[in-house]
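Pasting my_file_9.txt here (compact mmCIF, C-alpha atoms):
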```
# COMPACT_ATOMS: atom_id res chain seq x y z
CA MET N 1 -59.18 -20.29 11.20
CA LYS N 2 -57.78 -22.96 8.91
CA LYS N 3 -60.42 -22.22 6.30
CA THR N 4 -59.54 -18.50 6.43
CA MET N 5 -55.84 -19.23 6.04
CA SER N 6 -56.54 -21.60 3.17
CA LYS N 7 -58.67 -19.00 1.40
CA THR N 8 -56.00 -16.34 1.89
CA ALA N 9 -53.32 -18.67 0.55
CA GLY N 10 -55.50 -19.37 -2.47
CA VAL N 11 -55.87 -15.67 -3.24
CA VAL N 12 -52.13 -15.09 -2.89
CA LEU N 13 -51.38 -18.05 -5.15
CA GLY N 14 -53.95 -16.85 -7.64
CA LEU N 15 -52.44 -13.37 -7.79
CA ALA N 16 -48.97 -14.85 -8.24
CA LEU N 17 -50.24 -16.95 -11.13
CA ALA N 18 -51.91 -13.91 -12.64
CA GLY N 19 -48.49 -12.35 -13.02
CA THR N 20 -47.19 -15.32 -15.00
CA LEU N 21 -50.12 -16.06 -17.27
CA GLY N 22 -49.67 -13.08 -19.57
CA ALA N 23 -52.52 -11.04 -21.01
CA THR N 24 -55.18 -13.70 -20.50
CA GLY N 25 -54.27 -14.02 -16.84
CA VAL N 26 -54.13 -10.36 -15.90
CA ALA N 27 -57.09 -10.89 -13.59
CA GLU N 28 -57.19 -13.13 -10.53
CA ALA N 29 -56.10 -16.58 -11.71
CA GLN N 30 -58.66 -18.69 -9.88
CA ALA N 31 -61.51 -16.82 -11.59
CA GLN N 32 -60.14 -15.92 -14.98
CA PRO N 33 -62.65 -13.74 -16.82
CA SER N 34 -63.59 -14.53 -20.38
CA ILE N 35 -61.93 -11.59 -22.07
CA GLN N 36 -60.07 -11.04 -25.28
CA ALA N 37 -56.37 -10.48 -24.78
CA PRO N 38 -54.87 -7.39 -26.41
CA ALA N 39 -53.28 -7.87 -29.79
CA ALA N 40 -49.54 -8.46 -29.71
CA ALA N 41 -47.46 -5.32 -29.32
CA PRO N 42 -46.15 -4.01 -32.65
CA ALA N 43 -42.53 -3.41 -33.54
CA ILE N 44 -41.54 -0.17 -31.87
CA SER N 45 -39.58 1.05 -34.87
CA THR N 46 -42.63 0.86 -37.12
CA ALA N 47 -45.40 1.80 -34.74
CA VAL N 48 -44.67 5.21 -33.27
CA GLY N 49 -48.01 6.71 -32.31
CA ALA N 50 -49.99 3.56 -33.10
CA GLY N 51 -53.32 2.86 -31.42
CA SER N 52 -56.41 4.89 -30.66
CA ALA N 53 -56.24 8.64 -30.10
CA VAL N 54 -54.90 9.61 -26.69
CA GLU N 55 -54.72 13.14 -25.38
CA ALA N 56 -51.08 14.16 -25.03
CA PRO N 57 -50.01 15.37 -21.59
CA PRO N 58 -49.24 19.09 -21.14
CA ALA N 59 -45.87 20.34 -22.33
CA SER N 60 -44.76 20.74 -18.70
CA VAL N 61 -45.37 17.02 -18.04
CA VAL N 62 -43.47 16.03 -21.20
CA ALA N 63 -40.56 18.30 -20.21
CA ASP N 64 -40.54 16.89 -16.67
CA LEU N 65 -40.44 13.31 -17.99
CA LYS N 66 -37.62 14.04 -20.43
CA ALA N 67 -35.63 15.88 -17.75
CA ALA N 68 -36.14 13.01 -15.28
CA THR N 69 -34.98 10.51 -17.90
CA SER N 70 -31.86 12.58 -18.61
CA ARG N 71 -31.06 12.91 -14.89
CA ALA N 72 -31.50 9.20 -14.30
CA ARG N 73 -29.26 8.35 -17.23
CA ALA N 74 -26.62 10.84 -16.10
CA SER N 75 -26.56 9.32 -12.61
CA LEU N 76 -25.81 5.88 -14.08
CA LEU N 77 -23.60 4.64 -16.90
CA PRO N 78 -23.92 6.49 -20.24
CA ASN N 79 -25.74 3.55 -21.85
CA ALA N 80 -27.81 2.64 -18.77
CA ARG N 81 -31.33 1.30 -19.12
CA VAL N 82 -33.81 3.87 -17.81
CA VAL N 83 -37.59 4.15 -17.64
CA CYS N 84 -39.40 7.17 -16.20
CA TYR N 85 -43.15 7.62 -15.94
CA ALA N 86 -45.83 9.96 -14.61
CA ALA N 87 -49.39 9.11 -13.58
CA HIS N 88 -52.57 11.12 -14.01
CA VAL N 89 -54.56 10.55 -10.83
CA GLN N 90 -58.16 11.26 -9.80
CA ASP N 91 -58.54 14.71 -8.17
CA ILE N 92 -54.79 15.35 -8.50
CA GLY N 93 -54.01 15.42 -12.20
CA TRP N 94 -50.52 14.77 -13.51
CA GLN N 95 -47.96 13.90 -10.86
CA SER N 96 -44.23 14.54 -11.09
CA ALA N 97 -42.16 11.99 -13.00
CA VAL N 98 -40.51 9.08 -11.17
CA CYS N 99 -38.04 6.52 -12.49
CA ASN N 100 -36.76 2.95 -12.29
CA GLY N 101 -39.16 1.24 -9.90
CA SER N 102 -40.41 4.21 -7.91
CA VAL N 103 -44.15 4.48 -7.23
CA ALA N 104 -46.40 6.55 -9.51
CA GLY N 105 -49.99 7.07 -8.39
CA THR N 106 -51.27 6.82 -4.81
CA THR N 107 -51.91 4.13 -2.21
CA GLY N 108 -54.33 4.29 0.70
CA GLN N 109 -56.33 7.14 -0.85
CA SER N 110 -58.83 5.22 -3.03
CA ARG N 111 -57.87 7.31 -6.07
CA ARG N 112 -57.98 5.84 -9.57
CA MET N 113 -55.13 6.13 -12.04
CA GLU N 114 -56.50 7.55 -15.27
CA ALA N 115 -53.46 7.86 -17.55
CA LEU N 116 -49.75 7.11 -17.65
CA ALA N 117 -46.94 8.74 -19.62
CA ILE N 118 -43.67 6.84 -20.11
CA SER N 119 -40.20 7.75 -21.39
CA THR N 120 -37.18 5.45 -21.82
CA SER N 121 -33.48 5.51 -22.55
CA GLY N 122 -31.16 2.65 -23.50
CA VAL N 123 -33.92 0.09 -24.16
CA GLY N 124 -34.82 0.83 -27.78
CA GLY N 125 -38.12 2.52 -26.97
CA VAL N 126 -41.37 1.46 -25.34
CA CYS N 127 -44.92 0.36 -26.19
CA ALA N 128 -47.79 0.62 -23.71
CA ASP N 129 -51.45 -0.40 -23.71
CA ALA N 130 -54.08 0.43 -21.08
CA HIS N 131 -57.25 -1.46 -20.18
CA LEU N 132 -59.88 1.16 -19.33
CA ALA N 133 -63.34 1.13 -17.78
CA ASP N 134 -66.07 0.82 -20.46
CA ILE N 135 -63.45 0.68 -23.24
CA GLY N 136 -61.26 -2.37 -22.61
CA TRP N 137 -57.81 -2.53 -24.14
CA GLN N 138 -57.17 0.85 -25.71
CA GLY N 139 -54.54 -0.12 -28.27
CA TRP N 140 -50.76 -0.03 -28.19
CA ARG N 141 -48.94 3.30 -28.24
CA CYS N 142 -45.25 3.18 -29.12
CA GLY N 143 -42.25 5.47 -29.30
CA GLY N 144 -38.48 5.30 -29.44
CA ASP N 145 -36.09 6.19 -26.64
CA GLY N 146 -36.61 9.81 -25.62
CA THR N 147 -40.22 9.87 -26.85
CA VAL N 148 -43.05 10.27 -24.33
CA VAL N 149 -45.70 7.56 -24.83
CA THR N 150 -49.10 8.15 -23.20
CA VAL N 151 -51.98 5.75 -22.51
CA GLY N 152 -55.28 6.19 -20.71
CA THR N 153 -57.61 9.18 -20.67
CA THR N 154 -57.87 12.54 -18.92
CA GLY N 155 -60.98 14.58 -18.27
CA GLN N 156 -63.27 11.54 -18.51
CA SER N 157 -63.20 10.27 -14.89
CA ARG N 158 -62.32 6.87 -16.35
CA ARG N 159 -60.31 4.36 -14.33
CA MET N 160 -57.32 2.49 -15.68
CA GLU N 161 -57.71 -1.21 -14.78
CA ALA N 162 -54.64 -2.86 -16.32
CA LEU N 163 -51.45 -1.94 -18.13
CA GLY N 164 -49.31 -3.67 -20.74
CA VAL N 165 -45.69 -2.58 -21.31
CA GLN N 166 -43.09 -3.73 -23.84
CA VAL N 167 -39.56 -2.42 -24.47
CA GLY N 168 -37.44 -2.62 -27.59
CA SER N 169 -34.72 -4.80 -26.09
CA GLY N 170 -34.16 -6.85 -22.96
CA SER N 171 -36.92 -7.17 -20.38
CA VAL N 172 -39.22 -4.91 -18.42
CA GLY N 173 -40.72 -5.36 -14.96
CA ALA N 174 -43.86 -3.89 -13.44
CA GLN N 175 -46.13 -4.09 -10.40
CA ALA N 176 -49.64 -2.68 -9.91
CA HIS N 177 -51.49 -1.52 -6.82
CA VAL N 178 -55.16 -2.44 -7.31
CA GLN N 179 -58.38 -1.58 -5.50
CA ASP N 180 -59.15 -4.04 -2.65
CA TYR N 181 -56.00 -6.11 -3.40
CA GLY N 182 -53.14 -3.73 -2.75
CA TRP N 183 -49.86 -4.56 -4.47
CA LEU N 184 -50.16 -7.54 -6.82
CA SER N 185 -47.15 -9.72 -7.59
CA ALA N 186 -44.36 -8.10 -9.59
CA VAL N 187 -43.87 -9.49 -13.09
CA SER N 188 -41.04 -9.31 -15.59
CA GLY N 189 -40.69 -10.26 -19.25
CA ASN N 190 -41.38 -8.53 -22.55
CA PRO N 191 -44.21 -7.64 -22.77
CA VAL N 192 -45.69 -7.68 -19.25
CA TYR N 193 -49.26 -7.09 -18.05
CA VAL N 194 -50.29 -5.87 -14.59
CA GLY N 195 -53.61 -5.03 -12.96
CA THR N 196 -56.94 -6.79 -13.46
CA THR N 197 -59.57 -7.12 -16.18
CA GLY N 198 -63.21 -8.11 -15.89
CA GLN N 199 -63.41 -7.07 -12.23
CA SER N 200 -64.13 -3.31 -12.47
CA ARG N 201 -61.21 -2.60 -10.13
CA ARG N 202 -59.19 0.58 -10.43
CA MET N 203 -55.43 0.63 -10.65
CA GLU N 204 -54.21 3.06 -8.01
CA ALA N 205 -50.42 2.97 -8.45
CA VAL N 206 -47.73 1.34 -10.55
CA ARG N 207 -44.00 0.63 -10.51
CA ILE N 208 -41.96 -0.02 -13.69
CA TRP N 209 -38.30 -0.93 -14.14
CA VAL N 210 -35.99 -2.10 -16.94
```
Could you write out this structure as structure tokens?
Amino acid sequence: MKKTMSKTAGVVLGLALAGTLGATGVAEAQAQPSIQAPAAAPAISTAVGAGSAVEAPPASVVADLKAATSRARASLLPNARVVCYAAHVQDIGWQSAVCNGSVAGTTGQSRRMEALAISTSGVGGVCADAHLADIGWQGWRCGGDGTVVTVGTTGQSRRMEALGVQVGSGSVGAQAHVQDYGWLSAVSGNPVYVGTTGQSRRMEAVRIWV
């Protein structure tokens, strides 16, 4: 019993450390894989659309994200910090947009996240980078406030394993739900990295806030 509790405590501590170690510690801390961290996120103002080619979400998804961002901003102060996002999920496709810490993706269904689209307001824009099965870090995609930034793939049955997010000003927080682990520790900073690398584990859901 004591050994089991000790092992469990070690896993919990390792996952907590993973949230504070940055890109090189995205995976479980007590067994850090030997992987190359993603390059530093570029300046948002000079890197709109940077990174490898990513299929843009349908116009309906873009419109939904922009409308959700506008509604969230309207419900708060005029200059409020807002982030909205929509996940592309195995066997489901694009889900409806959610905002400010709500859950995108699924839990308890063993479905992989495949792509994520993000829109912001009041933070000076956003950069995102996805770590994908058989590809690794995809490359940063950036856009200003009001622009929809998309990472991941669709139509390839390819799991997203980790996510990096950076905003133009202030800090950003995120939390990932990962295969076999459940919710990992929430992290905040700028940039932040959530999920795992080197373990072939799918991200199933994510929360983001600013």
Could you work out how far CA of Val61 (chain N) lies from CA of His88 (chain N), giving the answer in Å with one decimal?
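CA of Val61 (chain N) lies 10.1 Å from CA of His88 (chain N).
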What does the structure give for the distance between CA of Ala43 (chain N) and CA of Arg81 (chain N), in Å to one decimal?
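Interatomic distance, CA of Ala43 (chain N) to CA of Arg81 (chain N): 18.9 Å.
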When you draw a straight line from CA of Met113 (chain N) to CA of Val206 (chain N), how long is it in Å?
8.9 Å
Distance criterion (only C-alpha atoms): nearest to Asn100 (chain N) out of N:Cys127, N:Ala186, N:Val149, N:Val172
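Of N:Cys127, N:Ala186, N:Val149, N:Val172, the one nearest Asn100 (chain N), counting only C-alpha atoms, is N:Val172.
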Tell me, as number ranges by chain, which residues lie within 9 Å of Leu132 (chain N), counting only C-alpha atoms; anything in the same chain fewer than 3 positions away does not count.
N: 114, 135-138, 152-153, 158-162, 197, 202
Find the residues near region 102-109 of chain N: any atom within 9 Å, counting all atoms listed in the file, skip ones fewer than 5 places away on the same chain, and give them as JSON, numbers by chain.
{"N": [84, 85, 86, 87, 88, 89, 95, 96, 97, 116, 177, 178, 182, 203, 204, 205, 206, 207, 208, 209]}
Considering all atoms listed in the file, can you say which of N:Ile92, N:Ala74, N:Ala174, N:Val126 comes closest to Val151 (chain N)?
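Result for the nearest residue to Val151 (chain N): N:Val126.
Comparing N:Ala176, N:Val98, N:Val148, N:Leu76 by their smallest distance to Pro58 (chain N), the closest is N:Val148 (using all atoms listed in the file).
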